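Engineer: Supplied in structure tokens, the structure appears directly below.
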Amino acid sequence: MPTPLRHVAVVGAGPSGIFAAAELVKRPDLHVDVFDRLPTPFGLVRYGVAPDHITIKRVAAALTRTLTHPRVRFVGNVTVGTDVTLDRLRGAYDRVLVATGAPHARELGIPGEDLPGVYSAADLVSWYNGHPLGGIGFTTDTDSVAVVGAGNVSLDVARVLLKGGAGLAETDVPDPVLAALDRRPVRDVHIIVRRSVADVKFSPPELAEFERIDDLDLVVDPEQLSLGPDALARYGSDRTVAARVDTFRSWAARPHTGAGRRLHVHFLRSPVEVLGTGSVEALLLQVTAVGPAGRVATSRSETLPVGAVVRSVGYRAAPLPGLPFDADQGLVPHAEGYVGDRTHVVGWVKRGPSGVIGTNKACAIDSVRVLLAALDADPARIDGAERTALLAELAEVEVTWPGWIAIDDAEQARGAASGRVRTKITDVAEMVAIARSSC
């Protein structure tokens, strides 16, 4: 007689949730239902990866293999906390694994941050990736933008703004976004880095992408590239640090060509105030220096004339009703992924916004290991009648996997009409209607 299945609910159909589902169904006695608030799966792969990073987006094919597994069910268009409570899931599943990510942007905490023309990178990334539930469009009438941050998201935002709609025409960026980017092309992007050149988190391959953009000058002040004793030691021992430093040294040595667009990178500059009357007019920067004990403020300041400021200083998770939440750290407190009450966490909501997509796979393996051990130690089984009743109720709003395939087909057809791989549909009601019509 076959072993009765036990059921796990995964909340979030992004990479972390799907990697966890893949680990779970390696056990033949487990069935996984993957819930997502959107009618579409893949989370950050669809809505967070830069649109011109086509190769990275192809990881969706691997994630699809998990979501089409016979013991995995995709339950799209269902918001946990609204359509169904976390307590209701706990009453219907043997274990619940939360993988809701970190969707909110951290703030700079400086005067003037509330002026029109200040954006978060999270909003812009959602906007140019066609996220249907978030994103503020870049509408500021300016050709000069400051991006504050020392990570790859800052580079993504800068690259998208500098390429404009014409440079992204072959991607899946929605048509209105392409038009908006070209309405007033951005000519100057200033990346503001509070750290020294040896301390940034930019990846060398992403830096190299700017060298392949036509009609772009790369502007770096060589005086901002000096290395202290600690940085020199890391330069000599860490290949990635050396690659970053060498890249910026090569940029600083490049002659300027008078190109129509410019990327400026400023090191050891801390934003202290956004200036403007009614909207952004400039960014006030404190000049810092590297001292024996780290960065120290100097008496110097600089005023950078820009018409928009994008803060790209990290993400934070959102509280989920029914889960504890550490507001200071912006994540759910846990012990090896276990929160309590048969509930676990994985991904950014567990460890904070760090790493790349592949990092979430290792995180998923760790969380699932703890979950399985706890499941094996608990012989009690949840009554399947409650789960059956819950899924019957959710059927009124649920978008199933075939429904997503219909949405996917429609996007690809729209893209093909204009010579593109796909054109994203950004309206939830429209996506749901397409999904329903396929049933």
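Letters for chains follow the order of the structure tokens (A, B, ...), residue numbers begin at 1 for each chain, and ligand numbers begin at 1 in the order shown.
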When DSSP works through the backbone of this structure, what residues of range 301-410 of chain A end up as strand (DSSP E), shown as a list in words?
Structural biologist: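 Listing strand (DSSP E) positions across range 301-410 of chain A yields Ser301, Glu302, Thr303, Leu304, Pro305, Ala308, Val309, Val310, Arg311, Tyr315, Arg316, Tyr338, Val339, Gly340, Thr343, His344 and Val345 of chain A.
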Engineer: Can you check which residues of range 184-302 of chain A DSSP gives as helix (DSSP H, G or I) on the backbone and send them as a PyMOL selection string?
Structural biologist: chain A and resi 197-199+204-210+222-225+229-237+239-253
Engineer: Need the shell around Gly164 in chain A: protein/DNA/RNA residues with any atom at most 12 Å away, counting only C-alpha atoms. Skip same-chain ones fewer than 4 positions apart. Format as a PyMOL selection string?
Structural biologist: chain A and resi 51-52+128+138+143+157-160+168-171+173+177-188+213+261
Engineer: For the residues in the current selection, export C-alpha atoms as a PDB file, in the first residue's frame.
Structural biologist:
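Result file follows (result-v5.pdb):
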ATOM      1  CA  PRO A  51      15.391  43.184 -18.943  1.00  0.00           C
ATOM      2  CA  ASP A  52      18.607  43.100 -20.995  1.00  0.00           C
ATOM      3  CA  TYR A 128      10.541  48.773 -16.253  1.00  0.00           C
ATOM      4  CA  PHE A 138      10.157  57.484 -14.244  1.00  0.00           C
ATOM      5  CA  ASP A 143      18.437  64.272 -18.454  1.00  0.00           C
ATOM      6  CA  VAL A 157      19.103  51.110 -13.086  1.00  0.00           C
ATOM      7  CA  ALA A 158      21.909  53.209 -14.540  1.00  0.00           C
ATOM      8  CA  ARG A 159      22.236  50.964 -17.588  1.00  0.00           C
ATOM      9  CA  VAL A 160      18.498  50.932 -18.299  1.00  0.00           C
ATOM     10  CA  LEU A 168      15.887  47.977 -24.878  1.00  0.00           C
ATOM     11  CA  ALA A 169      13.584  47.571 -27.869  1.00  0.00           C
ATOM     12  CA  GLU A 170      14.295  43.835 -28.246  1.00  0.00           C
ATOM     13  CA  THR A 171      13.577  43.021 -24.582  1.00  0.00           C
ATOM     14  CA  VAL A 173       9.962  45.835 -21.412  1.00  0.00           C
ATOM     15  CA  VAL A 177       7.930  52.085 -20.542  1.00  0.00           C
ATOM     16  CA  LEU A 178      10.001  52.125 -23.738  1.00  0.00           C
ATOM     17  CA  ALA A 179       8.179  55.251 -24.845  1.00  0.00           C
ATOM     18  CA  ALA A 180       8.624  56.941 -21.457  1.00  0.00           C
ATOM     19  CA  LEU A 181      12.362  56.234 -21.418  1.00  0.00           C
ATOM     20  CA  ASP A 182      12.789  57.890 -24.812  1.00  0.00           C
ATOM     21  CA  ARG A 183      10.497  60.858 -24.134  1.00  0.00           C
ATOM     22  CA  ARG A 184      13.340  62.710 -22.410  1.00  0.00           C
ATOM     23  CA  PRO A 185      16.517  60.615 -22.829  1.00  0.00           C
ATOM     24  CA  VAL A 186      18.855  60.512 -19.853  1.00  0.00           C
ATOM     25  CA  ARG A 187      22.308  61.796 -20.797  1.00  0.00           C
ATOM     26  CA  ASP A 188      24.137  61.714 -17.460  1.00  0.00           C
ATOM     27  CA  ILE A 213      27.326  50.555 -24.808  1.00  0.00           C
ATOM     28  CA  ARG A 261      25.841  59.936 -22.780  1.00  0.00           C
TER      29      ARG A 261
END
Engineer: Pick the closest to Glu430 in chain A from A:Pro255, A:Ala410, A:Gly43, A:Ser126: which is it, counting only C-alpha atoms?
Structural biologist: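 Between A:Pro255, A:Ala410, A:Gly43, A:Ser126, the residue approaching Glu430 in chain A most closely is A:Ala410.
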Engineer: Give me the residues near Thr82 in chain A as a list in words, where near means some atom within 12 Å (using only C-alpha atoms) and where sequence neighbours in that chain fewer than 5 positions away do not count.
Structural biologist: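 These residues fall inside the cut-off: Asp36, Arg37, Asn77, Asp87, Arg88, Leu320, Pro321, Gly322, Leu394 and Val397 of chain A.
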Engineer: Could you write out that same residue set with N, CA and C atoms as a compact mmCIF listing (two decimals), in the first residue's frame?
Structural biologist:
# COMPACT_ATOMS: atom_id res chain seq x y z
N ASP A 36 1.05 32.10 -4.95
CA ASP A 36 1.64 33.40 -5.27
C ASP A 36 0.53 34.42 -5.46
N ARG A 37 0.80 35.65 -5.05
CA ARG A 37 -0.23 36.69 -5.17
C ARG A 37 -0.46 37.11 -6.62
N ASN A 77 -2.49 34.04 -8.23
CA ASN A 77 -3.52 35.06 -8.00
C ASN A 77 -4.18 34.91 -6.63
N ASP A 87 -3.00 31.30 9.21
CA ASP A 87 -3.57 30.31 10.12
C ASP A 87 -4.39 29.27 9.36
N ARG A 88 -5.10 29.71 8.34
CA ARG A 88 -5.90 28.76 7.55
C ARG A 88 -4.97 27.78 6.82
N LEU A 320 4.11 39.76 7.33
CA LEU A 320 3.01 38.92 6.89
C LEU A 320 2.15 38.62 8.11
N PRO A 321 0.86 38.95 8.08
CA PRO A 321 0.01 38.69 9.24
C PRO A 321 0.11 37.23 9.69
N GLY A 322 0.39 37.05 10.98
CA GLY A 322 0.53 35.70 11.50
C GLY A 322 1.96 35.26 11.69
N LEU A 394 -10.78 28.68 -3.03
CA LEU A 394 -9.84 29.53 -3.78
C LEU A 394 -9.97 29.37 -5.29
N VAL A 397 -10.79 32.38 -7.49
CA VAL A 397 -9.83 33.40 -7.85
C VAL A 397 -8.53 32.82 -8.41
Engineer: Under the rule that only C-alpha atoms are counted, which of A:Gly358, A:Gly419, A:Gly352, A:Gly314 is the nearest residue to Asp326 in chain A?
Structural biologist: A:Gly352
Engineer: A:Ala102, A:Tyr47, A:Glu206, A:Asp328: which is nearest Leu133 in chain A, counting only C-alpha atoms?
Structural biologist: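 Counting only C-alpha atoms, the residue closest to Leu133 in chain A is A:Tyr47.
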Engineer: Which residues, written as a ChimeraX atom specification, have at least one atom at most 6 Å from range 6-22 of chain A, with only C-alpha atoms counted and residues fewer than 2 positions away on the same chain left out?
Structural biologist: /A:24-25,30-36,41-43,66,93-100,347,360-361,364
Engineer: Which residue is closest to Asp215 in chain A? Choose from A:Pro70, A:Gly167, A:Pro229, A:Pro402 and count only C-alpha atoms.
Structural biologist: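 Closest to Asp215 in chain A, using only C-alpha atoms: A:Gly167.
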Engineer: Excluding Phe325 in chain A and its own-chain neighbours fewer than 4 positions away, which residues fall within 12 Å of it when counting only C-alpha atoms? Please give them as JSON, numbers by chain.
Structural biologist: {"A": [316, 317, 318, 319, 320, 321, 329, 330, 331, 332, 333, 334, 339, 345, 349, 350]}
Engineer: Using only C-alpha atoms, pick whichever of A:Val346, A:Val189, A:Leu227, A:Leu232 has the shortest atom-to-atom distance to Gly260 in chain A.
Structural biologist: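 Looking at the shortest contact to Gly260 in chain A, the residue is A:Val189.
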